[in-house]
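K.L.:
Below is the file structure08.csv, which contains CSV, C-alpha atoms.
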chain,number,residue,atom,x,y,z
A,63,MET,CA,3.7,17.6,14.4
A,64,GLU,CA,0.7,20.0,14.1
A,65,ILE,CA,-2.1,19.9,11.6
A,66,TYR,CA,-3.9,23.0,10.5
A,67,TYR,CA,-7.2,23.0,8.6
A,68,ASN,CA,-7.6,26.5,7.0
A,69,GLN,CA,-6.1,28.1,10.1
A,70,ALA,CA,-3.3,30.6,10.5
A,71,ARG,CA,0.0,30.7,12.5
A,72,ASN,CA,2.1,33.8,12.2
A,73,SER,CA,5.7,32.6,12.4
A,74,ASN,CA,8.6,32.5,10.0
A,75,THR,CA,8.1,29.4,7.8
A,76,ILE,CA,9.8,27.4,5.1
A,77,ILE,CA,7.0,25.7,3.2
A,78,THR,CA,6.6,23.1,0.5
A,79,LEU,CA,3.4,22.8,-1.6
A,80,GLY,CA,1.7,20.0,-3.4
A,81,THR,CA,-0.8,17.1,-3.5
A,82,PHE,CA,2.0,14.6,-2.5
A,83,ASP,CA,-0.3,11.9,-3.7
A,84,GLY,CA,2.2,9.1,-3.5
A,85,LEU,CA,4.9,10.5,-1.2
A,86,HIS,CA,7.4,8.8,-3.4
A,87,LEU,CA,11.2,9.3,-3.0
A,88,GLY,CA,11.1,12.5,-5.0
A,89,HIS,CA,8.4,14.0,-2.7
A,90,GLN,CA,10.4,12.8,0.3
A,91,GLU,CA,13.6,14.6,-0.9
A,92,ILE,CA,11.6,17.9,-1.2
A,93,ILE,CA,10.2,17.5,2.3
A,94,LYS,CA,13.6,16.7,3.8
A,95,LEU,CA,15.1,19.8,2.1
A,96,THR,CA,12.3,21.9,3.6
A,97,VAL,CA,12.8,20.5,7.1
A,98,ASN,CA,16.6,20.9,6.9
A,99,LYS,CA,16.5,24.4,5.6
A,100,ALA,CA,14.0,25.4,8.3
A,101,LYS,CA,16.2,23.9,11.0
A,102,LYS,CA,19.2,25.9,9.9
A,103,LEU,CA,17.3,29.1,10.0
A,104,ASP,CA,15.4,28.2,13.2
A,105,TYR,CA,12.1,28.6,11.3
A,106,ASN,CA,9.0,26.4,11.2
A,107,SER,CA,8.8,23.8,8.5
A,108,ALA,CA,5.4,23.3,6.9
A,109,LEU,CA,3.7,21.2,4.2
A,110,PHE,CA,0.7,22.7,2.4
A,111,THR,CA,-1.6,20.2,0.7
A,112,PHE,CA,-5.1,19.8,-0.5
A,113,ASN,CA,-8.1,17.7,0.2
A,114,PRO,CA,-9.7,16.3,-1.9
A,115,HIS,CA,-7.2,15.9,-4.8
A,116,PRO,CA,-7.7,19.0,-7.0
A,117,LEU,CA,-8.6,16.9,-10.0
A,118,LYS,CA,-11.5,15.5,-8.2
A,119,VAL,CA,-13.0,19.0,-8.3
A,120,VAL,CA,-11.8,20.4,-11.6
A,121,SER,CA,-11.8,17.2,-13.7
A,122,PRO,CA,-13.4,14.3,-11.8
A,123,ASN,CA,-13.1,11.8,-14.7
A,124,ASN,CA,-9.3,12.3,-14.6
A,125,THR,CA,-8.9,11.9,-10.8
A,126,PRO,CA,-6.0,9.4,-10.2
A,127,LYS,CA,-6.6,6.4,-8.0
A,128,SER,CA,-5.0,6.7,-4.5
A,129,LEU,CA,-1.6,5.3,-3.6
A,130,MET,CA,-2.2,5.8,0.1
A,131,SER,CA,-4.9,6.8,2.7
A,132,TRP,CA,-4.8,10.0,4.7
A,133,LYS,CA,-3.7,8.0,7.7
A,134,GLN,CA,-0.7,6.6,5.8
A,135,LYS,CA,0.2,9.9,4.3
A,136,ARG,CA,0.2,11.6,7.7
A,137,ARG,CA,2.4,8.9,9.1
A,138,VAL,CA,5.0,9.2,6.4
A,139,ILE,CA,5.1,13.0,6.5
A,140,GLU,CA,5.5,13.0,10.3
A,141,SER,CA,8.4,10.5,10.0
A,142,LEU,CA,10.2,13.0,7.8
A,143,GLY,CA,10.2,15.6,10.6
A,144,ILE,CA,7.9,18.3,9.3
A,145,ASN,CA,6.6,20.7,12.0
A,146,GLN,CA,3.2,21.4,10.4
A,147,ILE,CA,0.8,20.0,7.9
A,148,ILE,CA,-1.6,22.6,6.4
A,149,VAL,CA,-4.6,21.1,4.8
A,150,LYS,CA,-6.8,23.2,2.5
A,151,LYS,CA,-10.2,22.0,1.4
A,152,PHE,CA,-10.1,22.2,-2.3
A,153,THR,CA,-13.4,23.5,-3.8
A,154,GLU,CA,-14.6,24.8,-7.1
A,155,GLU,CA,-14.5,28.3,-5.7
A,156,PHE,CA,-10.9,27.9,-4.5
A,157,SER,CA,-9.8,26.5,-7.9
A,158,ARG,CA,-10.6,29.9,-9.5
A,159,ILE,CA,-8.3,31.9,-7.2
A,160,PRO,CA,-5.3,33.4,-9.1
A,161,TYR,CA,-2.0,32.1,-7.9
A,162,GLU,CA,-1.0,35.6,-6.8
A,163,ASP,CA,-4.0,35.8,-4.4
A,164,PHE,CA,-3.3,32.2,-3.2
A,165,VAL,CA,0.2,33.0,-2.3
A,166,LEU,CA,-0.6,36.3,-0.6
A,167,GLU,CA,-3.8,35.3,1.3
A,168,TYR,CA,-3.0,31.7,2.2
A,169,LEU,CA,0.7,31.7,2.6
A,170,LEU,CA,2.2,35.1,3.3
A,171,LYS,CA,-0.5,36.5,5.5
A,172,ARG,CA,-1.3,33.3,7.4
A,173,PHE,CA,2.1,31.7,7.8
A,174,SER,CA,4.7,34.3,7.2
A,175,VAL,CA,6.3,32.2,4.5
A,176,LYS,CA,9.9,33.1,3.8
A,177,GLU,CA,10.7,30.5,1.2
A,178,ILE,CA,8.6,28.1,-1.0
A,179,ILE,CA,10.2,24.8,-2.0
A,180,VAL,CA,8.5,22.8,-4.8
A,181,GLY,CA,9.1,20.3,-7.6
A,182,GLU,CA,10.1,21.8,-10.9
A,183,ASP,CA,6.7,20.7,-12.4
A,184,PHE,CA,4.6,22.3,-9.7
A,185,LYS,CA,1.6,24.5,-10.6
A,186,CYS,CA,-0.9,26.3,-8.5
A,187,GLY,CA,-3.7,28.8,-8.9
A,188,TYR,CA,-6.4,29.3,-11.6
A,189,LYS,CA,-5.6,27.2,-14.7
A,190,GLY,CA,-2.2,26.2,-13.1
A,191,LYS,CA,-0.6,29.5,-14.0
A,192,GLY,CA,1.5,29.6,-10.8
A,193,THR,CA,4.6,27.9,-12.1
A,194,PRO,CA,7.9,28.0,-10.3
A,195,ASP,CA,9.2,30.8,-12.6
A,196,ARG,CA,6.2,32.9,-11.9
A,197,LEU,CA,6.4,32.3,-8.2
A,198,LYS,CA,10.0,33.4,-8.3
A,199,LYS,CA,9.1,36.7,-9.9
A,200,LEU,CA,6.3,37.2,-7.4
A,201,GLY,CA,8.7,36.4,-4.6
A,202,GLU,CA,11.0,39.2,-5.8
A,203,LYS,CA,8.2,41.6,-5.3
A,204,LEU,CA,6.8,40.3,-2.1
A,205,GLY,CA,9.9,39.2,-0.3
A,206,PHE,CA,10.0,35.4,-0.3
A,207,GLY,CA,12.3,33.0,-2.0
A,208,VAL,CA,11.4,30.1,-4.3
A,209,GLN,CA,13.4,26.9,-4.9
A,210,ALA,CA,12.3,24.4,-7.6
A,211,ILE,CA,13.8,20.9,-7.2
A,212,PRO,CA,14.5,18.8,-10.4
A,213,SER,CA,12.8,15.4,-10.7
A,214,ILE,CA,14.8,12.5,-9.3
A,215,LYS,CA,15.6,9.6,-11.6
A,216,PHE,CA,16.1,5.9,-10.8
A,217,LYS,CA,17.6,3.7,-13.5
A,218,ASN,CA,17.2,6.5,-16.0
A,219,LYS,CA,13.4,6.6,-15.2
A,220,GLU,CA,11.9,9.7,-13.6
A,221,ILE,CA,10.3,8.9,-10.2
A,222,GLY,CA,6.7,9.8,-10.3
A,223,SER,CA,3.2,8.9,-9.1
A,224,THR,CA,1.9,8.1,-12.6
A,225,TYR,CA,4.7,5.6,-13.3
A,226,ILE,CA,4.2,4.0,-9.8
A,227,ARG,CA,0.4,3.6,-10.6
A,228,ASN,CA,1.3,1.9,-13.9
A,229,LEU,CA,3.7,-0.5,-12.2
A,230,ILE,CA,0.9,-1.5,-9.8
A,231,LEU,CA,-1.7,-1.8,-12.7
A,232,GLU,CA,0.7,-4.1,-14.5
A,233,GLY,CA,1.2,-6.3,-11.3
A,234,ARG,CA,4.8,-5.3,-11.0
A,235,VAL,CA,4.4,-4.7,-7.2
A,236,ASP,CA,7.9,-5.9,-6.4
A,237,GLU,CA,9.3,-2.9,-8.4
A,238,VAL,CA,7.3,-0.2,-6.6
A,239,LYS,CA,9.7,0.0,-3.6
A,240,GLU,CA,12.4,1.5,-5.9
A,241,GLN,CA,10.1,4.5,-6.5
A,242,LEU,CA,8.2,4.8,-3.2
A,243,GLY,CA,10.9,3.8,-0.8
A,244,ARG,CA,8.5,1.3,0.6
A,245,ASN,CA,6.2,-1.4,-0.7
A,246,PHE,CA,2.7,-0.6,-1.9
A,247,ILE,CA,0.4,-0.9,1.2
A,248,LEU,CA,-3.4,-0.9,1.5
A,249,ASP,CA,-5.0,0.5,4.7
A,250,CYS,CA,-8.1,-1.7,5.2
A,251,GLU,CA,-10.9,-2.7,7.5
A,252,VAL,CA,-11.6,-6.4,8.1
A,253,ILE,CA,-15.2,-7.1,7.1
A,254,LYS,CA,-17.3,-10.3,7.2
A,255,GLY,CA,-17.3,-12.5,4.2
A,256,ASP,CA,-19.2,-15.8,3.5
A,257,GLN,CA,-16.5,-17.8,5.3
A,258,ARG,CA,-15.8,-20.0,2.3
A,259,GLY,CA,-12.1,-20.0,3.0
A,260,ARG,CA,-12.6,-21.5,6.4
A,261,LYS,CA,-14.5,-24.4,4.8
A,262,LEU,CA,-11.6,-25.0,2.4
A,263,GLY,CA,-9.0,-25.0,5.2
A,264,PHE,CA,-7.7,-21.5,4.5
A,265,PRO,CA,-9.6,-19.0,6.7
A,266,THR,CA,-9.3,-15.6,5.1
A,267,ALA,CA,-9.9,-12.0,6.2
A,268,ASN,CA,-12.0,-10.0,3.8
A,269,LEU,CA,-10.8,-6.5,3.4
A,270,HIS,CA,-12.4,-3.2,2.6
A,271,PRO,CA,-9.8,-0.4,1.7
A,272,PHE,CA,-10.1,3.0,3.4
A,273,ALA,CA,-9.2,4.8,0.2
A,274,ASP,CA,-10.0,4.5,-3.5
A,275,TYR,CA,-6.7,2.8,-4.2
A,276,VAL,CA,-5.2,1.9,-7.6
A,277,LEU,CA,-5.1,-1.9,-7.5
A,278,PRO,CA,-3.0,-4.6,-9.2
A,279,PRO,CA,-4.5,-7.1,-11.6
A,280,LEU,CA,-6.7,-9.9,-10.4
A,281,GLY,CA,-4.7,-12.8,-9.0
A,282,VAL,CA,-2.7,-14.0,-6.0
A,283,TYR,CA,0.2,-12.1,-4.3
A,284,ALA,CA,2.7,-12.8,-1.6
A,285,CYS,CA,2.1,-10.2,1.1
A,286,LYS,CA,2.8,-9.1,4.6
A,287,VAL,CA,0.0,-8.1,7.0
A,288,ARG,CA,0.2,-5.7,9.9
A,289,VAL,CA,-2.2,-6.5,12.7
A,290,LYS,CA,-2.1,-4.5,15.9
A,291,ASP,CA,1.6,-3.6,15.3
A,292,LYS,CA,2.6,-7.2,14.6
A,293,ILE,CA,3.7,-8.3,11.1
A,294,TYR,CA,2.6,-11.6,9.6
A,295,GLY,CA,3.3,-13.3,6.3
A,296,GLY,CA,0.4,-14.0,4.0
A,297,ALA,CA,-1.1,-14.7,0.6
A,298,VAL,CA,-3.8,-12.4,-0.8
A,299,HIS,CA,-6.3,-13.0,-3.5
A,300,LEU,CA,-7.8,-10.2,-5.5
A,301,GLY,CA,-10.7,-11.3,-7.7
A,302,LEU,CA,-14.2,-12.4,-8.6
A,303,ILE,CA,-14.0,-16.0,-7.3
A,304,PRO,CA,-14.9,-17.6,-10.7
A,305,THR,CA,-14.8,-21.2,-9.3
A,306,PHE,CA,-17.9,-20.4,-7.2
A,307,ASN,CA,-19.6,-18.3,-9.9
A,308,LYS,CA,-19.2,-15.1,-7.9
A,309,ASN,CA,-19.1,-11.9,-9.8
A,310,LYS,CA,-18.3,-9.6,-6.9
A,311,PHE,CA,-14.8,-8.2,-6.4
A,312,SER,CA,-13.2,-9.1,-3.2
A,313,ILE,CA,-9.8,-8.8,-1.4
A,314,GLU,CA,-9.2,-11.9,0.8
A,315,VAL,CA,-5.9,-12.5,2.7
A,316,TYR,CA,-4.8,-15.8,4.3
A,317,ILE,CA,-2.6,-14.8,7.2
A,318,PHE,CA,0.0,-17.4,8.1
A,319,ASP,CA,0.1,-18.8,11.6
A,320,PHE,CA,-2.8,-16.6,12.7
A,321,SER,CA,-6.2,-17.5,14.1
A,322,ASP,CA,-7.5,-14.4,16.0
A,323,ASN,CA,-10.9,-12.9,15.4
A,324,ILE,CA,-10.2,-9.5,13.8
A,325,TYR,CA,-13.5,-8.4,12.4
A,326,GLY,CA,-13.7,-4.7,12.4
A,327,GLU,CA,-10.0,-4.2,12.9
A,328,ARG,CA,-7.9,-1.8,10.9
A,329,ILE,CA,-5.0,-3.6,9.3
A,330,GLU,CA,-2.4,-3.0,6.6
A,331,LEU,CA,-1.8,-5.2,3.6
A,332,GLU,CA,1.7,-4.9,2.0
A,333,PHE,CA,2.1,-6.3,-1.5
A,334,ILE,CA,5.4,-8.2,-2.0
A,335,LYS,CA,5.2,-10.1,-5.3
A,336,ARG,CA,2.7,-11.4,-7.8
A,337,ILE,CA,2.4,-15.2,-7.9
A,338,ARG,CA,-0.3,-15.8,-10.5
A,339,GLY,CA,-3.4,-14.4,-12.2
A,340,GLU,CA,-7.0,-15.2,-11.6
A,341,GLU,CA,-7.9,-18.8,-12.5
A,342,ASN,CA,-11.2,-20.8,-12.8
A,343,PHE,CA,-10.8,-24.2,-11.4
A,344,LYS,CA,-13.1,-27.1,-12.5
A,345,THR,CA,-13.3,-28.6,-9.0
A,346,VAL,CA,-13.0,-27.5,-5.4
A,347,GLU,CA,-10.2,-30.1,-5.0
A,348,GLU,CA,-8.2,-28.4,-7.8
A,349,LEU,CA,-8.7,-25.0,-6.1
A,350,ILE,CA,-7.5,-26.4,-2.7
A,351,SER,CA,-4.4,-27.9,-4.3
A,352,ARG,CA,-3.6,-24.6,-6.0
A,353,MET,CA,-4.1,-22.6,-2.8
A,354,LYS,CA,-1.6,-24.9,-1.0
A,355,GLU,CA,0.9,-24.2,-3.8
A,356,ASP,CA,0.2,-20.4,-3.5
A,357,VAL,CA,1.0,-20.6,0.2
A,358,ARG,CA,4.1,-22.6,-0.4
A,359,VAL,CA,5.4,-20.2,-3.0
A,360,SER,CA,4.5,-17.1,-0.8
A,361,LYS,CA,6.4,-18.5,2.1
A,362,ILE,CA,9.5,-19.0,-0.1
A,363,ILE,CA,9.3,-15.5,-1.4
A,364,LEU,CA,8.8,-14.0,2.1
A,365,ASP,CA,11.6,-16.1,3.6
A,366,LYS,CA,14.0,-14.9,0.9
A,367,ILE,CA,13.1,-11.3,1.6
A,368,ASP,CA,13.5,-11.7,5.4
A,369,SER,CA,16.9,-13.3,4.9
A,370,LEU,CA,18.3,-10.3,3.0
Can you present the structure in this file as structure tokens?
P.N.:
Amino acid sequence: MEIYYNQARNSNTIITLGTFDGLHLGHQEIIKLTVNKAKKLDYNSALFTFNPHPLKVVSPNNTPKSLMSWKQKRRVIESLGINQIIVKKFTEEFSRIPYEDFVLEYLLKRFSVKEIIVGEDFKCGYKGKGTPDRLKKLGEKLGFGVQAIPSIKFKNKEIGSTYIRNLILEGRVDEVKEQLGRNFILDCEVIKGDQRGRKLGFPTANLHPFADYVLPPLGVYACKVRVKDKIYGGAVHLGLIPTFNKNKFSIEVYIFDFSDNIYGERIELEFIKRIRGEENFKTVEELISRMKEDVRVSKIILDKIDSL
């Protein structure tokens, strides 16, 4: 797979456009359709996206929290078989370009686009005037086709990034897979903490996410952890550590059957199920007892999943 940053490649192309902020099952269907259609015609398949998210430029206060890092997004897109990712830096100047000029200058002239495949709610160009219907009319004049794909539903609920974020915000992380096609995963760096967990008998890895993720409520979650291409079970705590009067948010994961030094490593934290909310324990002994129970429950949850 090739990645282009504001570059051109003059070859017949079937292209899909969007922010693809979650790469949920609906996005994946659009990408698969683009890939399959391009293969049938012996064309290139391409995905055109923007960085940063357009709302970060035109309406910063309404910018949605991330569902994945760029590294994660690239990996998922590549797994779907797309030939090219085209990344356009989204600026205030670019946001003022009419959709007609965007299509002509950035798609037709640079990539010889023969067909555009988008979701039915897609919009592009200044003030979002480039709707699928308007793109179809433009295509009739300029010689390209447009296909708008209806939203996909699961259990009578439309699959969408906003709904997925709400599931995460409500702590319903075990329901996310039905929409994403995978569990919610944080791409993180292991950083140094105060080593309190080690003193309590539960050495934890303190994590710093690589993206401004939407995060579930404070508390403890059963999780899986990918370290150097190996998967381990774990229990992760998101919170302010009230028992020790700490008022600083942290993400700390206790990785089962693991003792390696991984400071500075890049790991992935996969949320499986919420166990409990944040609690303030009166004594350290109460905290240790609860942590033992959290680990026990996490292992039961993970064993049940692994046996399916």
K.L.:
Point out the residue among A:Gly143, A:Gly192, A:Gly80, A:Pro271 with the least atom-to-atom distance to A:Leu129, counting all atoms listed in the file.
P.N.:
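So, comparing all the options, the nearest one is A:Pro271.
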K.L.:
Counting only C-alpha atoms, what is within 9 Å of A:Asn113, bar same-chain residues fewer than 3 positions away, as a ChimeraX atom specification?
P.N.:
/A:81,116,149-153
K.L.:
Just the residues within 10 Å of A:Phe82, please, counting all atoms listed in the file, with nothing from its chain fewer than 4 positions along; format it as a ChimeraX atom specification.
P.N.:
/A:86,88-90,93,109-112,115,135,139,223
K.L.:
Near stretch 96-98 of chain A, within 9 Å and counting all atoms listed in the file, which residues show up once chain neighbours fewer than 4 positions away are dropped, as a list of chain:residue names?
P.N.:
A:Ile76, A:Ile77, A:Thr78, A:Glu91, A:Ile92, A:Lys102, A:Leu103, A:Asn106, A:Ser107, A:Ala108, A:Leu109, A:Leu142, A:Gly143, A:Ile144, A:Asn145, A:Ile178, A:Ile179
K.L.:
For a quick check of understanding, using only C-alpha atoms, which of A:Glu162, A:Ser321, A:Tyr168, A:Glu220 has the smallest distance to A:Ile148?
P.N.:
A:Tyr168
K.L.:
Rounded to one decimal, what separation in Å do you get between atom CA of A:Leu95 and atom CA of A:Ser213?
P.N.:
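Interatomic distance, atom CA of A:Leu95 to atom CA of A:Ser213: 13.7 Å.
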K.L.:
Could you work out how far atom CA of A:Tyr188 lies from atom CA of A:Ser157, giving the answer in Å with one decimal?
P.N.:
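So the answer is 5.8 Å.
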K.L.:
Restricting the calculation to only C-alpha atoms: of A:Leu242, A:Val315, A:Val276, A:Ala267, which residue gets closest to A:Arg227?
P.N.:
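Under the stated criterion, the closest residue is A:Val276.
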K.L.:
Counting all atoms listed in the file, which of A:Ala273, A:Ala100, A:Leu170, A:Ile211 gets nearest to A:Trp132?
P.N.:
A:Ala273
K.L.:
Kindly output stretch 143-154 of chain A as a compact mmCIF listing (two decimals), keeping the file's coordinate frame, after building all heavy atoms.
P.N.:
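Result file follows (out.txt):
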# COMPACT_ATOMS: atom_id res chain seq x y z
N GLY A 143 9.86 14.54 9.67
CA GLY A 143 10.20 15.60 10.60
C GLY A 143 9.62 16.97 10.35
O GLY A 143 10.06 17.96 10.93
N ILE A 144 8.59 17.04 9.52
CA ILE A 144 7.90 18.30 9.30
C ILE A 144 7.23 18.82 10.53
O ILE A 144 6.70 18.01 11.30
CB ILE A 144 6.94 18.21 8.08
CG1 ILE A 144 6.77 19.55 7.36
CG2 ILE A 144 5.59 17.67 8.52
CD1 ILE A 144 7.78 19.82 6.31
N ASN A 145 7.23 20.12 10.77
CA ASN A 145 6.60 20.70 12.00
C ASN A 145 5.06 20.77 11.83
O ASN A 145 4.32 20.54 12.77
CB ASN A 145 7.10 22.08 12.28
CG ASN A 145 8.56 22.09 12.66
OD1 ASN A 145 9.32 22.96 12.24
ND2 ASN A 145 9.00 21.12 13.45
N GLN A 146 4.62 21.15 10.62
CA GLN A 146 3.20 21.40 10.40
C GLN A 146 2.70 20.87 9.10
O GLN A 146 3.42 20.94 8.10
CB GLN A 146 2.92 22.94 10.42
CG GLN A 146 3.39 23.68 11.65
CD GLN A 146 3.55 25.16 11.38
OE1 GLN A 146 3.24 25.64 10.30
NE2 GLN A 146 4.05 25.89 12.36
N ILE A 147 1.49 20.32 9.10
CA ILE A 147 0.80 20.00 7.90
C ILE A 147 -0.38 21.01 7.77
O ILE A 147 -1.16 21.14 8.72
CB ILE A 147 0.23 18.59 7.83
CG1 ILE A 147 1.36 17.56 7.91
CG2 ILE A 147 -0.57 18.36 6.54
CD1 ILE A 147 0.87 16.13 7.91
N ILE A 148 -0.48 21.69 6.66
CA ILE A 148 -1.60 22.60 6.40
C ILE A 148 -2.48 22.02 5.37
O ILE A 148 -2.04 21.80 4.24
CB ILE A 148 -1.07 24.00 5.99
CG1 ILE A 148 -0.09 24.56 7.03
CG2 ILE A 148 -2.22 24.97 5.77
CD1 ILE A 148 0.87 25.58 6.47
N VAL A 149 -3.71 21.71 5.72
CA VAL A 149 -4.60 21.10 4.80
C VAL A 149 -5.70 22.07 4.37
O VAL A 149 -6.42 22.61 5.20
CB VAL A 149 -5.31 19.84 5.45
CG1 VAL A 149 -6.21 19.14 4.44
CG2 VAL A 149 -4.27 18.87 5.99
N LYS A 150 -5.77 22.32 3.07
CA LYS A 150 -6.80 23.20 2.50
C LYS A 150 -7.84 22.45 1.78
O LYS A 150 -7.53 21.67 0.88
CB LYS A 150 -6.12 24.23 1.56
CG LYS A 150 -7.11 25.18 0.89
CD LYS A 150 -7.73 26.14 1.89
CE LYS A 150 -8.77 27.05 1.25
NZ LYS A 150 -10.06 26.37 1.01
N LYS A 151 -9.09 22.65 2.16
CA LYS A 151 -10.20 22.00 1.40
C LYS A 151 -10.24 22.59 0.03
O LYS A 151 -10.36 23.80 -0.15
CB LYS A 151 -11.50 22.24 2.16
CG LYS A 151 -12.67 21.52 1.51
CD LYS A 151 -13.96 21.70 2.29
CE LYS A 151 -15.11 20.94 1.61
NZ LYS A 151 -16.38 21.10 2.36
N PHE A 152 -10.14 21.71 -0.96
CA PHE A 152 -10.10 22.20 -2.30
C PHE A 152 -11.56 22.17 -2.87
O PHE A 152 -12.23 21.14 -2.93
CB PHE A 152 -9.25 21.27 -3.21
CG PHE A 152 -8.82 21.92 -4.49
CD1 PHE A 152 -7.63 22.62 -4.57
CD2 PHE A 152 -9.63 21.87 -5.62
CE1 PHE A 152 -7.24 23.24 -5.74
CE2 PHE A 152 -9.26 22.48 -6.80
CZ PHE A 152 -8.06 23.17 -6.86
N THR A 153 -12.04 23.33 -3.24
CA THR A 153 -13.40 23.50 -3.80
C THR A 153 -13.36 24.13 -5.13
O THR A 153 -12.31 24.62 -5.58
CB THR A 153 -14.23 24.39 -2.82
OG1 THR A 153 -13.62 25.71 -2.80
CG2 THR A 153 -14.25 23.84 -1.39
N GLU A 154 -14.48 24.15 -5.79
CA GLU A 154 -14.60 24.80 -7.10
C GLU A 154 -14.24 26.28 -7.00
O GLU A 154 -13.56 26.85 -7.86
CB GLU A 154 -15.94 24.59 -7.72
CG GLU A 154 -16.04 25.05 -9.16
CD GLU A 154 -17.37 24.71 -9.79
OE1 GLU A 154 -18.11 23.88 -9.21
OE2 GLU A 154 -17.68 25.27 -10.86
